[in-house]
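Okay, structure first, notes after.
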Amino acid sequence: MILGIDTSIGTAVAVIEPDGVVRAQLDSGDPRGHAEVIGDHLARALAEAQISSGEITHVAAGMGPGPFTGLRVGIAAARTFALGRGIPVVPVVSHDAVALDRLLLAALTDAGEERFAVVTDARRREFAYTVYEGMDDDGLPVRVTDPALVPRDEIDATLEALGARRLDATVVPAGMLALAAARAVAAGRRIAGDDALYLRSPDVSAPTAPKRVGG
């Protein structure tokens, strides 16, 4: 059983079997309030899947791209759950889950494979995007570009230059995130790094040293 957790956009949690059968999936499209709902989503997902936490064998963590504040909540939840159970965390690029969902649908409808870009709102008048084209032999989306940021008024020109159709996403399907992790584990592959894909520095600055007060 694989638990998928993503907070790169809203808050999404799912439990799937290794073959992709979704036992439970909960999605909240609210781009804020991740910390307030993540615990409830986890408890509800396990209850709906009718399993205990002890039956989870892997945790898929959505690594972004996404804003700092929200993204770190899901990654921390995934790592804490895995640490408590002594099981592996499988990092997954969040856009990969959206791409996999789209590619599986295309395969079912014989829509053919075309180059497309998953686009999400990165705030501050920017979009995050990743370009994909088809699936590889392990059933995982093939990334043409790594996740990147672009100003909102430049996104269409950027994608046109890359020959990619635009696919806007307002939610990351946690079931697809977990399926990508399952396929990566089965293939013995790592499909994302351990570092979150913030793409931008957080809205904080290091404190400066206190000024000396002369005696």
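So you can find residues: chains in the structure tokens are A, B, ... in the order shown, residues in each start at 1, and ligands are numbered from 1 in order.
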Under the rule of at most 8 Å, produce a per-residue listing of segment 29-98 of chain A near segment 116-123 of chain A: chain, number, name, the closest pair of atoms, and the distance in Å, as a Markdown table, using only C-alpha atoms.
| residue | atom | partner | partner_atom | distance |
| --- | --- | --- | --- | --- |
| A:Gly66 | CA | A:Ala122 | CA | 6.3 |
| A:Pro67 | CA | A:Ala122 | CA | 6.4 |
| A:His95 | CA | A:Val118 | CA | 6.2 |
| A:Val98 | CA | A:Val118 | CA | 7.0 |
* To do: Write out as a count of residues only all residues of segment 6-127 of chain A that backbone DSSP assigns to alpha helix (DSSP H).
  => 50
* What lies within 9 Å of Leu162 of chain A using only C-alpha atoms, ignoring chain neighbours under 5 positions off, as an NGL selection string? -> :A and (115 or 131 or 157)
* Could you pull the residues within 10 Å of segment 81-89 of chain A, counting only C-alpha atoms, minus those fewer than 3 positions along the same chain, as a list in words? -> Ile2, Leu3, Gly4, Leu42, Ser53, Gly54, Glu55, Ile56, Thr57, His58, Val59, Ala60, Ala61, Ile75, Ala76, Ala77, Ala78, Val92, Ala181 and Asp194 of chain A
* Mind checking which residues fall within 12 Å of Gly20 of chain A, counting only C-alpha atoms, ignoring those fewer than 3 positions away in the same chain, and posting them as a ChimeraX atom specification? => /A:1-4,14-17,23-24,100-101,104,139,174-183
Emit the selected residues as a compact mmCIF listing (two decimals), in the first residue's frame, including C-alpha atoms.
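Result file follows (selection_3.txt):
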# COMPACT_ATOMS: atom_id res chain seq x y z
CA MET A 1 0.00 0.00 0.00
CA ILE A 2 1.33 3.39 -0.96
CA LEU A 3 0.36 6.67 0.68
CA GLY A 4 0.57 9.75 -1.53
CA ALA A 14 -4.45 9.12 -1.39
CA VAL A 15 -3.92 5.45 -0.63
CA ILE A 16 -3.40 3.08 -3.53
CA GLU A 17 -2.50 -0.54 -4.13
CA ARG A 23 -8.44 2.81 -2.14
CA ALA A 24 -9.00 6.41 -0.99
CA LEU A 100 0.59 10.75 -15.72
CA ASP A 101 -3.13 11.35 -15.26
CA LEU A 104 -3.29 7.50 -19.02
CA GLY A 139 5.00 3.77 -17.58
CA ALA A 174 -2.46 12.18 -5.05
CA GLY A 175 -3.49 8.81 -6.49
CA MET A 176 -1.40 9.50 -9.59
CA LEU A 177 1.46 10.75 -7.39
CA ALA A 178 1.38 7.43 -5.54
CA LEU A 179 1.14 5.47 -8.82
CA ALA A 180 4.22 7.25 -10.17
CA ALA A 181 6.02 6.28 -6.96
CA ALA A 182 4.86 2.67 -7.29
CA ARG A 183 6.14 2.45 -10.85
